[in-house]
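Below is one structure, written out as structure tokens; comments come after it.
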Amino acid sequence: MTRPTRPGHVPAARGEVRSSHAEQALSWSDFRSAVRYDRANQLLLAVPAISAKRAEHPVLGEAIAPHTRIGSGELYRREYEHGAVYWSERTGAHEVHGLVAEHWYGVGAEASFLGFPTTDEQPLAESEHGGRLAGGVGHFEGGSIYWTPAHGSAIVFGMVRDIWALLGWERSPLGLPVCDVEPAPESGMLRGVFEHGTVEWSSSTGPIVIIDAQ
């Protein structure tokens, strides 16, 4: 498993604007100062939570950077050889790695519409014939990223994601997403393309679900 490269200046997707706040690497002295002078400092929660999450996922490898405060908020990250762990008070600590992390970084990571991870990467559900589908999924504040060997990684979000979830996620008749959810060029409706059909939605028309004949 290789660690995805975090891009330095990636154009944000769908008109999203990346944060201009500078990131700040945190040292041991920063942690000691937080203990001594400000017991309400969120760093006291972030550091042990990130360390505990790393212990759950030894595949992440060794740390390659110090704990980093993101922007001016109480948001923290630590990078490892094969991924990273992110922490915020609202989401807790969660890891990202592999193709999920690569796609997330590509649209702007935590500064994008997806926001912070709300789960670690998870295996896909079991198929109706038994055994798990190949691939994985990471859920974020603003959507989900699915990846499979057959289709690569794809973002599902908004009402398309909600409708697909009601139908049963990857075990639904639609199957797995094959590309990012995007506005349809011809109609402007938000459109998700799946293995066995499509989901379209707009506030004026509501949902349109098309399932291919099997």
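The chains in the structure tokens are called A, B, ... from first to last as shown; in each chain the residues are counted from 1, and the ligands are counted from 1 in the order shown.
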Per-residue DSSP, chain A, filtered to alpha helix (DSSP H), as a ChimeraX atom specification: /A:28-37,43-56,98-106,158-167
Shell around Glu126 of chain A at 10 Å using only C-alpha atoms, local window under 5 positions removed, as a PyMOL selection string: chain A and resi 131-134+170-171
Non-local contacts of Cys179 of chain A (9 Å; only C-alpha atoms; under 4 positions in same chain excluded) as an MDAnalysis selection string: chainID A and resid 151:156 192:194
Would you write out those residues with C-alpha atoms, as a compact mmCIF listing (two decimals), in the first residue's frame?
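selection-v9.txt was written with the following content:
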# COMPACT_ATOMS: atom_id res chain seq x y z
CA HIS A 151 -14.46 1.35 -10.98
CA GLY A 152 -11.79 3.17 -8.97
CA SER A 153 -12.96 5.82 -6.48
CA ALA A 154 -16.18 7.84 -6.66
CA ILE A 155 -17.82 10.52 -4.52
CA VAL A 156 -21.52 10.32 -3.64
CA GLY A 192 -25.20 9.79 -9.81
CA VAL A 193 -24.24 6.96 -12.14
CA PHE A 194 -24.18 3.46 -10.66
Residue contacts of segment 140-142 of chain A (6 Å, only C-alpha atoms) excluding same-chain residues fewer than 3 positions away, as an NGL selection string: :A and (113-118)
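In this comparison, which uses only C-alpha atoms, the residue of A:Gly158, A:Gly138, A:Gly92, A:Gly168 approaching Glu200 of chain A most closely is A:Gly158.
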Atom CA of Ala25 of chain A to atom CA of Arg69 of chain A, distance in Å rounded to a single decimal: 6.3 Å
Within 9 Å of Val209 of chain A using only C-alpha atoms, minus same-chain residues under 2 positions, as a VMD selection string: chain A and resid 163 197 to 201 207 211
Could you take the residues named above and write them with N, CA and C atoms, as a PDB file, in the first residue's frame?
ATOM      1  N   ILE A 163     -30.827   9.170  -1.321  1.00  0.00           N
ATOM      2  CA  ILE A 163     -31.760   8.269  -2.008  1.00  0.00           C
ATOM      3  C   ILE A 163     -31.137   6.890  -2.177  1.00  0.00           C
ATOM      4  N   GLY A 197     -27.761   1.614 -12.986  1.00  0.00           N
ATOM      5  CA  GLY A 197     -28.760   2.658 -13.156  1.00  0.00           C
ATOM      6  C   GLY A 197     -28.259   4.023 -12.730  1.00  0.00           C
ATOM      7  N   THR A 198     -29.191   4.943 -12.608  1.00  0.00           N
ATOM      8  CA  THR A 198     -28.849   6.316 -12.251  1.00  0.00           C
ATOM      9  C   THR A 198     -29.826   6.857 -11.210  1.00  0.00           C
ATOM     10  N   VAL A 199     -29.360   7.865 -10.475  1.00  0.00           N
ATOM     11  CA  VAL A 199     -30.221   8.635  -9.580  1.00  0.00           C
ATOM     12  C   VAL A 199     -30.030  10.100  -9.917  1.00  0.00           C
ATOM     13  N   GLU A 200     -31.132  10.807 -10.206  1.00  0.00           N
ATOM     14  CA  GLU A 200     -31.080  12.237 -10.458  1.00  0.00           C
ATOM     15  C   GLU A 200     -32.003  12.940  -9.468  1.00  0.00           C
ATOM     16  N   TRP A 201     -31.611  14.166  -9.125  1.00  0.00           N
ATOM     17  CA  TRP A 201     -32.438  14.916  -8.168  1.00  0.00           C
ATOM     18  C   TRP A 201     -32.279  16.398  -8.399  1.00  0.00           C
ATOM     19  N   PRO A 207     -36.701  13.254  -6.835  1.00  0.00           N
ATOM     20  CA  PRO A 207     -35.821  12.168  -7.303  1.00  0.00           C
ATOM     21  C   PRO A 207     -36.337  11.468  -8.555  1.00  0.00           C
ATOM     22  N   ILE A 211     -33.444   2.186 -12.933  1.00  0.00           N
ATOM     23  CA  ILE A 211     -32.715   0.942 -12.711  1.00  0.00           C
ATOM     24  C   ILE A 211     -32.754   0.131 -13.994  1.00  0.00           C
TER      25      ILE A 211
END
